[in-house]
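Written below as structure tokens is the structure these notes are about.
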Amino acid sequence: MATSVSAASRHRGAAVAIVAICAALLAGCAVGDAEPVPTEAPTSSAEPSPTPTPDPEFVEGGTAGQNRPYFEFIITGLLERSDRPTSATIVNSLAVAGFDRATIEITPDTTPVGELADSILVGIPIDGQCLLGQIIDGELVSQLADVLGTGRCLVGRTASLD
């Protein structure tokens, strides 16, 4: 019987030792001793600025497709200053920008009864293609198309450029 008591004592002693070791290990994990772990990498306060895109330029002797970005750039800039530019202002802006004034076709900015036109169409024939734009509600829509059989870009009545 003495041996069974000493075996039970040994088991209790081992259990106490295991509990003491676990307590000591857990004490090393106390919250005050832990260092915070960052959740995301630090970022600098100054973010790099994107590289500015250069403004399109007129391509002397270029195709309608090559000059379309510049055409859009000129008219969009005009629309930023006025959402209802006159036909004359559009033609003058395009001519100053390098497009051949004599080839620019544009519809009137007013109707035959003197009301403001809902939209203005502009066309410039360049090497067998037309650079076309429609200005409506202060916005520009542009496209390329083949020159008509008449050699023109627009059908119907156009505004006088004089």
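We name chains A, B, ... following the order of the structure tokens; residues begin at 1 in each chain, and ligands are numbered from 1 as shown.
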Skipping near chain neighbours, those fewer than 4 positions away, what residues fall within 9 Å of range 72-75 of chain A using only C-alpha atoms, listed as a PyMOL selection string?
chain A and resi 55-57+67-68+79-80+90+93-94+97+133+135+140-142
Could you tell me how far CA of Arg101 in chain A lies from CA of Ala88 in chain A, in Å and to one decimal?
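So the two atoms, CA of Arg101 in chain A and CA of Ala88 in chain A, lie 10.9 Å apart.
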Excluding range 107-112 of chain A and its own-chain neighbours fewer than 6 positions away, which residues fall within 7 Å of it when counting only C-alpha atoms? Please give them as a ChimeraX atom specification.
/A:86-87,120-122,157-159
C-alpha atoms of the current selection, written as a PDB file, in the first residue's frame:
ATOM      1  CA  THR A  86     -20.650  79.732 -82.294  1.00  0.00           C
ATOM      2  CA  SER A  87     -19.823  78.134 -85.622  1.00  0.00           C
ATOM      3  CA  ILE A 120     -23.284  71.788 -84.648  1.00  0.00           C
ATOM      4  CA  LEU A 121     -21.543  69.465 -87.096  1.00  0.00           C
ATOM      5  CA  VAL A 122     -18.017  70.115 -88.281  1.00  0.00           C
ATOM      6  CA  ARG A 157     -26.580  73.496 -95.797  1.00  0.00           C
ATOM      7  CA  THR A 158     -23.345  74.604 -94.170  1.00  0.00           C
ATOM      8  CA  ALA A 159     -22.478  77.918 -92.583  1.00  0.00           C
TER       9      ALA A 159
END
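Here the question is which of A:Cys153, A:Ile136, A:Cys130, A:Leu148 gets nearest to Gln66 in chain A using only C-alpha atoms, and that residue is A:Cys130.
In this structure, CA of Gly61 in chain A sits 14.0 Å away from CA of Thr103 in chain A.
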